[in-house]
$ cat target04.cif   # mmCIF, C-alpha atoms
data_run
loop_
_atom_site.label_atom_id
_atom_site.label_comp_id
_atom_site.auth_asym_id
_atom_site.auth_seq_id
_atom_site.Cartn_x
_atom_site.Cartn_y
_atom_site.Cartn_z
CA MET X 1 237.80 88.01 238.78
CA ASN X 2 241.46 87.22 239.65
CA ILE X 3 244.37 88.50 237.61
CA TYR X 4 245.03 85.19 235.85
CA SER X 5 241.41 84.84 234.70
CA ARG X 6 241.39 88.43 233.54
CA PHE X 7 244.36 87.88 231.26
CA LEU X 8 243.02 84.57 229.98
CA SER X 9 239.85 86.45 229.03
CA ARG X 10 241.90 89.06 227.26
CA TYR X 11 243.94 86.59 225.20
CA TYR X 12 241.43 83.85 224.47
CA PHE X 13 238.05 85.56 224.36
CA GLY X 14 238.80 89.08 223.05
CA ALA X 15 240.72 92.28 223.70
CA VAL X 16 239.75 94.15 226.84
CA LYS X 17 239.53 97.88 226.15
CA ILE X 18 239.42 100.58 228.80
CA PHE X 19 236.79 103.13 227.81
CA LYS X 20 237.71 106.62 229.02
CA LEU X 21 235.14 109.28 229.93
CA PRO X 22 235.05 111.38 226.73
CA ASP X 23 235.57 115.13 226.46
CA LEU X 24 232.25 116.84 227.26
CA GLY X 25 233.33 120.27 226.00
CA GLU X 26 232.92 123.66 227.69
CA LYS X 27 236.19 123.02 229.64
CA ILE X 28 234.35 120.46 231.80
CA LYS X 29 236.85 118.52 233.92
CA GLU X 30 234.65 115.94 235.67
CA ALA X 31 231.21 114.37 235.70
CA THR X 32 229.07 112.57 238.26
CA ILE X 33 227.65 109.16 237.30
CA LYS X 34 223.93 109.44 238.01
CA LYS X 35 222.84 106.07 236.61
CA TRP X 36 224.49 103.05 234.99
CA HIS X 37 222.48 101.47 232.16
CA VAL X 38 224.78 98.42 232.13
CA LYS X 39 226.29 95.96 234.61
CA ILE X 40 229.21 93.57 234.47
CA GLY X 41 228.51 90.80 231.96
CA ASP X 42 226.01 92.80 229.85
CA HIS X 43 226.45 92.88 226.08
CA VAL X 44 226.33 96.31 224.42
CA ASN X 45 226.47 97.54 220.87
CA GLU X 46 228.36 100.56 219.64
CA PHE X 47 226.44 103.80 220.41
CA ASP X 48 224.25 102.11 223.07
CA PRO X 49 223.89 104.35 226.15
CA VAL X 50 225.96 103.01 229.04
CA ALA X 51 225.43 105.74 231.65
CA ASP X 52 223.72 109.01 232.54
CA VAL X 53 226.16 111.64 233.82
CA SER X 54 225.74 115.16 235.09
CA THR X 55 228.15 118.08 235.28
CA ASP X 56 227.83 121.63 236.51
CA LYS X 57 226.52 122.55 233.05
CA MET X 58 224.57 119.60 231.67
CA PHE X 59 222.91 116.23 232.13
CA THR X 60 223.62 113.81 229.29
CA GLN X 61 224.07 110.16 228.29
CA ILE X 62 227.39 108.52 227.47
CA PRO X 63 227.26 106.05 224.53
CA SER X 64 229.57 103.06 224.12
CA ASN X 65 232.41 103.34 221.61
CA TYR X 66 232.57 99.56 221.17
CA THR X 67 230.48 96.44 220.70
CA GLY X 68 231.20 93.80 223.31
CA LYS X 69 230.72 92.61 226.89
CA ILE X 70 231.04 94.85 229.95
CA HIS X 71 234.09 93.70 231.90
CA LYS X 72 234.33 96.26 234.71
CA LEU X 73 232.74 99.50 235.96
CA PHE X 74 235.33 101.79 237.53
CA HIS X 75 232.83 103.91 239.49
CA GLN X 76 229.64 103.56 241.49
CA GLU X 77 226.56 105.73 240.95
CA ASP X 78 226.91 109.23 242.44
CA GLU X 79 230.70 108.99 242.24
CA THR X 80 232.76 111.47 240.21
CA CYS X 81 234.92 110.57 237.22
CA LEU X 82 237.51 112.85 235.64
CA VAL X 83 237.24 113.57 231.92
CA GLY X 84 239.76 111.23 230.29
CA GLY X 85 239.71 108.96 233.34
CA ASP X 86 238.92 105.22 233.33
CA PHE X 87 235.14 104.83 232.95
CA LEU X 88 234.51 101.18 232.15
CA GLU X 89 236.22 98.12 230.72
CA ILE X 90 234.72 96.28 227.76
CA GLU X 91 235.74 93.00 226.13
CA ILE X 92 235.60 93.29 222.35
CA GLU X 93 236.47 90.99 219.47
CA SER X 94 240.18 91.17 218.64
CA ASP X 95 241.81 90.17 215.34
CA ASN X 96 245.42 90.89 216.29
CA GLN X 97 245.71 87.82 218.53
CA GLU X 98 244.68 85.19 215.95
CA SER X 99 248.20 84.59 214.58
CA ALA X 100 249.59 83.62 217.98
CA THR X 101 249.53 79.99 219.06
CA PRO X 102 247.79 78.94 222.26
CA GLN X 103 251.19 77.97 223.74
CA THR X 104 252.63 81.41 223.01
CA GLN X 105 249.52 83.10 224.35
CA HIS X 106 249.66 80.99 227.51
CA HIS X 107 253.33 81.92 228.03
CA GLN X 108 252.56 85.62 227.56
CA VAL X 109 249.67 85.37 229.97
CA LYS X 110 251.86 83.81 232.66
CA GLN X 111 254.52 86.50 232.22
CA GLU X 112 251.99 89.34 232.51
CA VAL X 113 250.20 87.68 235.42
CA THR X 114 253.48 87.34 237.29
CA LYS X 115 254.26 91.02 236.76
CA GLN X 116 250.78 92.06 237.84
CA GLN X 117 250.98 89.88 240.95
CA GLU X 118 254.35 91.39 241.88
CA VAL X 119 252.94 94.91 241.52
CA HIS X 120 249.84 93.92 243.49
CA GLN X 121 251.96 92.45 246.30
CA THR X 122 254.17 95.56 246.40
CA ILE X 123 251.15 97.86 246.67
CA GLN X 124 249.66 95.69 249.40
CA THR X 125 252.92 95.68 251.35
CA ASN X 126 253.23 99.47 251.06
CA ASN X 127 249.65 99.98 252.17
CA ASN X 128 250.11 97.72 255.20
CA ALA X 129 253.34 99.46 256.12
CA SER X 130 251.90 102.96 255.94
CA ASN X 131 248.66 102.11 257.83
CA HIS X 132 247.45 105.54 256.63
CA LYS X 133 244.24 106.97 258.11
CA LEU X 134 242.15 109.18 255.82
CA ALA X 135 241.56 112.65 257.28
CA THR X 136 241.71 116.25 256.13
CA PRO X 137 244.58 118.52 257.25
CA ALA X 138 242.12 120.43 259.48
CA VAL X 139 241.05 117.23 261.26
CA ARG X 140 244.69 116.16 261.71
CA HIS X 141 245.53 119.56 263.20
CA LEU X 142 242.57 119.33 265.61
CA ALA X 143 243.58 115.81 266.63
CA LYS X 144 247.11 117.00 267.33
CA GLN X 145 245.77 119.85 269.50
CA LYS X 146 243.59 117.44 271.50
CA GLY X 147 246.30 114.77 271.73
CA ILE X 148 244.21 112.16 269.92
CA ASP X 149 245.85 109.21 268.12
CA LEU X 150 244.05 108.91 264.76
CA ASN X 151 245.08 105.26 264.43
CA LYS X 152 242.80 104.44 267.37
CA ILE X 153 239.70 106.02 265.80
CA GLN X 154 237.28 104.34 263.40
CA GLY X 155 236.26 106.97 260.85
CA SER X 156 232.57 107.34 259.94
CA GLY X 157 233.19 109.09 256.59
CA GLN X 158 233.48 107.65 253.10
CA ASP X 159 236.22 104.94 252.85
CA GLY X 160 236.73 105.22 256.64
CA ARG X 161 237.66 108.90 256.49
CA ILE X 162 237.91 110.45 259.97
CA LEU X 163 235.60 113.43 260.41
CA LYS X 164 235.55 116.25 262.95
CA THR X 165 232.47 114.67 264.56
CA ASP X 166 234.51 111.49 265.19
CA LEU X 167 237.00 113.55 267.21
CA GLU X 168 234.20 115.25 269.12
CA LYS X 169 232.70 111.86 270.07
CA GLN X 170 236.13 110.73 271.25
CA THR X 171 236.51 113.70 273.62
CA GLN X 172 232.88 113.90 274.77
CA SER X 173 232.56 113.29 278.54
CA PRO X 174 229.79 111.07 280.02
CA LYS X 175 227.98 114.19 281.28
CA GLU X 176 227.80 115.53 277.76
CA GLN X 177 226.27 112.32 276.39
CA PRO X 178 222.53 112.49 275.64
CA GLN X 179 220.54 111.16 278.61
CA SER X 180 217.32 110.24 276.84
CA SER X 181 215.68 109.82 273.44
CA THR X 182 213.56 112.93 274.17
CA LYS X 183 216.64 115.15 274.31
CA ILE X 184 217.94 113.65 271.07
CA ASN X 185 214.69 114.45 269.31
CA ILE X 186 214.73 118.04 270.57
CA LYS X 187 218.30 118.51 269.32
CA SER X 188 217.55 117.04 265.89
CA GLU X 189 214.49 119.25 265.45
CA SER X 190 216.41 122.44 266.20
CA ALA X 191 219.57 121.51 264.26
CA SER X 192 220.47 123.13 260.95
CA THR X 193 221.38 120.96 257.98
CA VAL X 194 224.27 121.59 255.59
CA ILE X 195 223.17 120.58 252.10
CA LYS X 196 225.61 119.98 249.28
CA MET X 197 224.70 121.55 245.95
CA SER X 198 223.66 119.38 243.02
CA ASP X 199 225.69 119.53 239.83
CA PHE X 200 223.16 121.90 238.28
CA GLN X 201 223.24 124.14 241.35
CA LYS X 202 227.03 124.19 241.14
CA GLY X 203 226.72 125.29 237.51
CA MET X 204 224.29 128.05 238.48
CA GLN X 205 226.60 129.20 241.26
CA LYS X 206 229.55 129.46 238.88
CA SER X 207 227.70 131.12 236.00
CA MET X 208 225.83 133.59 238.21
CA THR X 209 228.98 134.53 240.13
CA GLU X 210 230.59 135.32 236.78
CA ALA X 211 227.48 137.18 235.59
CA ASN X 212 227.36 139.31 238.74
CA SER X 213 230.80 140.71 237.87
CA ILE X 214 229.45 142.12 234.57
CA PRO X 215 228.24 145.75 234.51
CA HIS X 216 224.55 145.34 233.63
CA LEU X 217 222.25 147.76 231.86
CA TYR X 218 218.56 147.21 232.67
CA LEU X 219 215.45 148.27 230.77
CA LYS X 220 211.85 147.35 231.62
CA GLU X 221 208.83 147.66 229.36
CA GLU X 222 205.10 146.91 229.32
CA VAL X 223 203.61 145.46 226.12
CA ASP X 224 199.97 145.00 225.15
CA LEU X 225 199.44 141.49 223.73
CA THR X 226 195.68 141.74 223.21
CA GLU X 227 195.96 141.62 219.40
CA LEU X 228 198.60 138.88 219.56
CA ALA X 229 196.29 136.82 221.80
CA GLN X 230 193.53 137.10 219.20
CA MET X 231 195.91 136.03 216.43
CA ARG X 232 197.03 133.08 218.56
CA GLU X 233 193.43 131.90 218.92
CA GLN X 234 193.21 131.77 215.12
CA LEU X 235 196.51 129.88 214.85
CA LYS X 236 195.38 127.35 217.47
CA LYS X 237 192.72 126.13 215.05
CA GLU X 238 195.57 124.68 213.01
CA LYS X 239 198.16 124.02 215.73
CA ASN X 240 198.63 124.74 219.43
CA ILE X 241 201.03 127.69 219.23
CA THR X 242 202.20 129.12 222.56
CA PHE X 243 202.89 132.76 223.38
CA MET X 244 206.54 131.82 223.93
CA THR X 245 206.86 130.67 220.31
CA LEU X 246 205.42 133.95 219.03
CA LEU X 247 207.74 135.89 221.35
CA ILE X 248 210.78 133.98 220.06
CA LYS X 249 209.96 134.55 216.39
CA SER X 250 209.17 138.26 216.79
CA PHE X 251 212.34 138.62 218.90
CA SER X 252 214.41 137.13 216.07
CA LEU X 253 212.83 139.51 213.54
CA ALA X 254 213.81 142.49 215.68
CA LEU X 255 217.36 141.14 216.01
CA THR X 256 217.86 141.44 212.24
CA LYS X 257 217.64 145.23 212.69
CA TYR X 258 219.82 145.37 215.82
CA PRO X 259 222.26 142.43 215.48
CA ILE X 260 224.63 143.78 218.16
CA LEU X 261 222.33 142.25 220.79
CA ASN X 262 223.04 138.83 219.24
CA SER X 263 226.71 138.94 220.21
CA THR X 264 229.12 137.31 222.63
CA TYR X 265 231.95 139.00 224.51
CA ASP X 266 235.27 137.59 225.72
CA PRO X 267 236.75 139.89 228.39
CA THR X 268 240.26 138.63 227.59
CA LYS X 269 239.85 140.37 224.21
CA GLN X 270 238.92 143.66 225.79
CA PHE X 271 238.05 145.82 222.80
CA GLU X 272 236.25 143.41 220.47
CA TYR X 273 233.10 141.29 220.47
CA THR X 274 231.70 138.60 218.17
CA GLN X 275 228.45 139.27 216.33
CA HIS X 276 226.54 136.15 215.21
CA SER X 277 224.40 135.76 212.11
CA SER X 278 222.65 132.69 213.56
CA HIS X 279 219.93 133.47 216.10
CA ASN X 280 220.50 130.60 218.57
CA VAL X 281 217.92 131.63 221.15
CA SER X 282 218.55 130.15 224.60
CA VAL X 283 215.37 129.37 226.53
CA ALA X 284 215.53 128.98 230.31
CA LEU X 285 213.42 125.97 231.32
CA ASP X 286 212.49 124.73 234.78
CA SER X 287 213.15 120.97 235.00
CA PRO X 288 213.06 118.35 237.78
CA LYS X 289 216.86 118.57 237.92
CA GLY X 290 216.93 122.38 238.13
CA LEU X 291 217.22 125.24 235.67
CA VAL X 292 218.40 124.19 232.20
CA VAL X 293 219.05 126.52 229.28
CA PRO X 294 218.97 124.75 225.89
CA ASN X 295 218.79 126.78 222.70
CA ILE X 296 216.83 126.73 219.47
CA LYS X 297 219.29 126.94 216.59
CA ASN X 298 218.87 129.31 213.61
CA VAL X 299 215.52 130.78 214.63
CA GLN X 300 215.83 133.33 211.81
CA ASN X 301 215.32 130.46 209.31
CA LEU X 302 212.46 128.70 211.12
CA SER X 303 208.72 129.11 210.73
CA ILE X 304 206.44 129.60 213.73
CA SER X 305 205.36 125.97 213.43
CA GLN X 306 208.98 124.73 213.37
CA ILE X 307 209.88 126.82 216.43
CA GLN X 308 206.92 125.33 218.31
CA ASP X 309 208.04 121.78 217.43
CA GLU X 310 211.60 122.47 218.57
CA LEU X 311 210.42 124.10 221.80
CA ASN X 312 208.24 121.07 222.58
CA ARG X 313 211.13 118.71 221.87
CA LEU X 314 213.52 120.58 224.17
CA ARG X 315 210.95 120.70 226.97
CA ILE X 316 210.43 116.92 226.81
CA LEU X 317 214.18 116.25 226.83
CA GLY X 318 214.62 118.69 229.73
CA GLU X 319 211.95 116.93 231.79
CA LYS X 320 213.63 113.57 231.13
CA GLY X 321 217.12 114.97 231.84
CA GLN X 322 218.30 113.97 228.36
CA LEU X 323 219.46 117.29 226.89
CA SER X 324 222.71 116.80 224.99
CA PHE X 325 225.80 119.01 224.92
CA ASN X 326 224.82 120.28 221.44
CA GLU X 327 221.42 121.44 222.71
CA LEU X 328 222.91 123.17 225.74
CA SER X 329 225.80 124.93 223.99
CA GLY X 330 226.12 127.57 221.29
CA GLY X 331 223.38 129.95 222.47
CA THR X 332 223.76 133.59 221.39
CA ILE X 333 220.94 135.36 223.29
CA CYS X 334 218.49 134.32 226.01
CA LEU X 335 214.78 134.53 226.85
CA SER X 336 213.69 133.53 230.37
CA ASN X 337 209.95 132.98 230.71
CA ILE X 338 209.75 133.30 234.50
CA GLY X 339 206.14 134.47 234.14
CA THR X 340 204.90 130.91 233.67
CA ILE X 341 205.66 130.44 237.38
CA GLY X 342 204.90 133.97 238.59
CA GLY X 343 206.15 137.54 238.77
CA THR X 344 205.91 140.65 236.64
CA TYR X 345 209.32 142.30 236.42
CA THR X 346 212.73 140.76 237.13
CA GLY X 347 216.40 141.74 237.10
CA PRO X 348 217.88 138.97 234.92
CA LEU X 349 221.61 138.25 234.92
CA ILE X 350 223.35 137.60 231.60
CA LEU X 351 224.34 134.06 230.64
CA ALA X 352 227.97 134.88 229.74
CA PRO X 353 229.48 135.14 227.16
CA GLN X 354 226.13 136.35 225.78
CA VAL X 355 225.47 140.08 226.08
CA CYS X 356 221.66 140.18 226.40
CA ILE X 357 218.91 138.37 228.29
CA VAL X 358 215.20 139.19 228.53
CA GLY X 359 213.00 138.13 231.43
CA ILE X 360 209.34 137.63 230.50
CA GLY X 361 206.69 138.30 233.14
CA ARG X 362 203.29 136.69 233.46
CA LEU X 363 200.45 137.65 231.12
CA MET X 364 197.75 139.60 232.99
CA THR X 365 194.37 141.01 232.06
CA VAL X 366 194.30 144.52 233.53
CA PRO X 367 192.34 147.78 232.93
CA ARG X 368 193.83 150.30 230.51
CA TYR X 369 192.58 153.42 228.71
CA ASP X 370 191.78 153.14 225.00
CA ALA X 371 192.09 155.97 222.44
CA LYS X 372 188.75 157.43 223.56
CA MET X 373 189.78 157.37 227.23
CA ASN X 374 187.47 154.47 228.03
CA VAL X 375 188.68 151.88 230.53
CA VAL X 376 188.95 148.52 228.77
CA PRO X 377 190.48 145.14 229.69
CA ARG X 378 193.83 144.48 227.98
CA LYS X 379 196.29 141.56 228.08
CA ILE X 380 199.54 143.01 229.42
CA MET X 381 202.97 141.43 229.70
CA ASN X 382 206.14 142.95 231.20
CA LEU X 383 209.60 142.56 229.69
CA SER X 384 212.88 143.01 231.59
CA PHE X 385 216.15 143.45 229.65
CA GLY X 386 219.56 142.74 231.16
CA CYS X 387 222.46 143.73 228.89
CA ASP X 388 226.25 143.86 229.05
CA HIS X 389 226.96 147.60 229.27
CA ARG X 390 230.53 147.00 228.07
CA VAL X 391 229.11 146.20 224.63
CA ILE X 392 225.56 147.62 224.43
CA ASP X 393 224.38 151.15 225.26
CA GLY X 394 220.94 152.12 226.57
CA ALA X 395 219.78 153.86 223.39
CA THR X 396 220.37 150.71 221.32
CA VAL X 397 218.39 148.56 223.75
CA ALA X 398 215.52 151.09 223.78
CA ARG X 399 215.38 151.17 219.96
CA PHE X 400 215.44 147.39 219.75
CA ASN X 401 212.67 147.26 222.33
CA ASN X 402 210.54 149.66 220.24
CA VAL X 403 210.84 147.43 217.15
CA TRP X 404 210.04 144.26 219.09
CA LYS X 405 207.12 145.96 220.85
CA THR X 406 205.67 147.02 217.48
CA TYR X 407 205.72 143.42 216.25
CA LEU X 408 204.06 142.18 219.45
CA GLU X 409 201.36 144.84 219.67
CA ASN X 410 200.65 144.83 215.90
CA PRO X 411 201.34 141.21 214.93
CA THR X 412 200.19 141.65 211.33
CA SER X 413 203.30 143.85 210.85
CA MET X 414 205.40 140.69 211.23
CA PHE X 415 203.90 138.90 208.27
CA ILE X 416 205.89 140.72 205.61
CA HIS X 417 209.14 139.61 207.32
CA LEU X 418 208.22 135.99 208.07
CA LYS X 419 210.08 133.18 206.30
#

$ encode --input "target04.cif" --output "structure tokens"
Amino acid sequence: MNIYSRFLSRYYFGAVKIFKLPDLGEKIKEATIKKWHVKIGDHVNEFDPVADVSTDKMFTQIPSNYTGKIHKLFHQEDETCLVGGDFLEIEIESDNQESATPQTQHHQVKQEVTKQQEVHQTIQTNNNASNHKLATPAVRHLAKQKGIDLNKIQGSGQDGRILKTDLEKQTQSPKEQPQSSTKINIKSESASTVIKMSDFQKGMQKSMTEANSIPHLYLKEEVDLTELAQMREQLKKEKNITFMTLLIKSFSLALTKYPILNSTYDPTKQFEYTQHSSHNVSVALDSPKGLVVPNIKNVQNLSISQIQDELNRLRILGEKGQLSFNELSGGTICLSNIGTIGGTYTGPLILAPQVCIVGIGRLMTVPRYDAKMNVVPRKIMNLSFGCDHRVIDGATVARFNNVWKTYLENPTSMFIHLK
């Protein structure tokens, strides 16, 4: 669409609004467009999803703020957009132009078009004059060392960017050139591949680097879930309740006696921490897009059935990559059920600013001695605590563990506390 047509559209058919990428919270500065749900010319209503985006902390959908026709998309899929940057252009109905006459509108259009054309011509002239080749400082330095004129090289990178490999091809002698397809195949089979991290992997790298700087206190425990397994079989007659749901509810009950574990810590406020009354239990889930950690809000007020429903909902959204910012933020303590994949004990790292995480091992049927020293089969699960030792001491974790273990090994003791 040329400039004149664009302004005619703006004045005669509706106001053209530039929709900025909204604030995604958590100090997120940019997002990658994973999928557009619209194309130029499509009509959208307010709140309709226009794109799926991912950041280093989440994967979510961006809804439209307006009702109208898509005028322009500022980015392609897999490109990055800054928060607050131009995202798309949408033509909406405008009331503020109705009082103007067509002649006045036409005059205004011509004036703006002329200005836009002048700017466009100036930019084009500057670009032609500079004849600037895209290349990193390191590539420019290497080219200078080798006496290579960058203006004579056709870059193979994005937007014609000159890469180091382009320089190497330029200086490669005929003897160094591959002589046959066989040699090429041998080289490609033995070559290593540099793989760029996905947005979720970037998020894991950042959060785990931060977590590794925290002094951790670890505690590991074995719990006997034989009685809990029997109770679960009874509950399954009414509803399919998972072990994870029972673990979450009993965990919350134990937190009411040791609320310090349900805290967050800001190292910039060195000698204070925030204790939360809401048990927003983060649950680490394996999804097609990587590890995601949504949380179940206010577990202390939910029944076992309600927790199961919420856990199912979060799993489905995680598998579809549709977890929202609200579902991924605000967690106060974390359970990671690594045992569904494999493993017994683990050394979990805290999801800062939380101060406690528990890794849950797989459930195993193993031989154990009963009270009469007979060997009997029991259902055993291993728990691994990781706690911020700046806030929590070992004795507190051990006492919390004893309360939680009592609820798990004698599940009827939970009933009096259930809501």

$ atom_distance --input "target04.cif" --atom1 "atom CA of X:Phe19" --atom2 "atom CA of X:Asp42"
15.1 Å

$ resolve_selection --input "target04.cif" --expression "the PyMOL selection byres ((chain X and resi 372-381) around 6)" --output "NGL selection string"
:X and (222-226 or 361 or 363-371 or 382)

$ atom_distance --input "target04.cif" --atom1 "atom CA of X:Asn401" --atom2 "atom CA of X:Arg313"
28.6 Å

$ resolve_selection --input "target04.cif" --expression "the PyMOL selection byres ((chain X and resi 47-62) around 6)" --output "list in words"
Ala31, Thr32, Ile33, Lys34, Lys35, Trp36, His37, Val38, Asn45, Glu46, Pro63, Ser64, Asp199, Phe200, Lys202, Gly203, Gly321, Gln322, Leu323 and Ser324 of chain X

$ atom_distance --input "target04.cif" --atom1 "atom CA of X:Leu21" --atom2 "atom CA of X:Val292"
22.5 Å

$ resolve_selection --input "target04.cif" --expression "the PyMOL selection byres ((chain X and resi 25) around 10)" --output "list in words"
Pro22, Asp23, Leu24, Glu26, Lys27, Ile28, Lys29, Val83, Phe325, Asn326 and Ser329 of chain X

$ closest_residue --input "target04.cif" --among "X:Asp309, X:Glu79, X:Glu327, X:Glu227" --to "X:Lys297" --atoms "all atoms listed in the file"
X:Glu327

$ residues_around --input "target04.cif" --residues "X:Thr245" --least-positions-apart "6" --cutoff "9 Å" --atoms "only C-alpha atoms" --output "count of residues only"
5

$ residues_around --input "target04.cif" --residues "X:Leu261" --least-positions-apart "6" --cutoff "9 Å" --atoms "only C-alpha atoms" --output "PyMOL selection string"
chain X and resi 255+275+332-333+354-356+387+391-392+396-397+400

$ write_last_selection --input "target04.cif" --atoms "C-alpha atoms" --output "short mmCIF file (atom, residue, chain, number, x, y, z; two decimals), in the coordinates of the input"
data_model
loop_
_atom_site.label_atom_id
_atom_site.label_comp_id
_atom_site.auth_asym_id
_atom_site.auth_seq_id
_atom_site.Cartn_x
_atom_site.Cartn_y
_atom_site.Cartn_z
CA LEU X 255 217.36 141.14 216.01
CA GLN X 275 228.45 139.27 216.33
CA THR X 332 223.76 133.59 221.39
CA ILE X 333 220.94 135.36 223.29
CA GLN X 354 226.13 136.35 225.78
CA VAL X 355 225.47 140.08 226.08
CA CYS X 356 221.66 140.18 226.40
CA CYS X 387 222.46 143.73 228.89
CA VAL X 391 229.11 146.20 224.63
CA ILE X 392 225.56 147.62 224.43
CA THR X 396 220.37 150.71 221.32
CA VAL X 397 218.39 148.56 223.75
CA PHE X 400 215.44 147.39 219.75
#

$ closest_residue --input "target04.cif" --among "X:Glu89, X:Asp286, X:Asp78, X:Glu30" --to "X:Val16" --atoms "only C-alpha atoms"
X:Glu89

$ closest_residue --input "target04.cif" --among "X:Ala143, X:Leu246, X:Ile357, X:Met414" --to "X:Lys220" --atoms "all atoms listed in the file"
X:Ile357

$ closest_residue --input "target04.cif" --among "X:Cys334, X:Ile195, X:Ile162, X:Leu253" --to "X:Phe415" --atoms "only C-alpha atoms"
X:Leu253
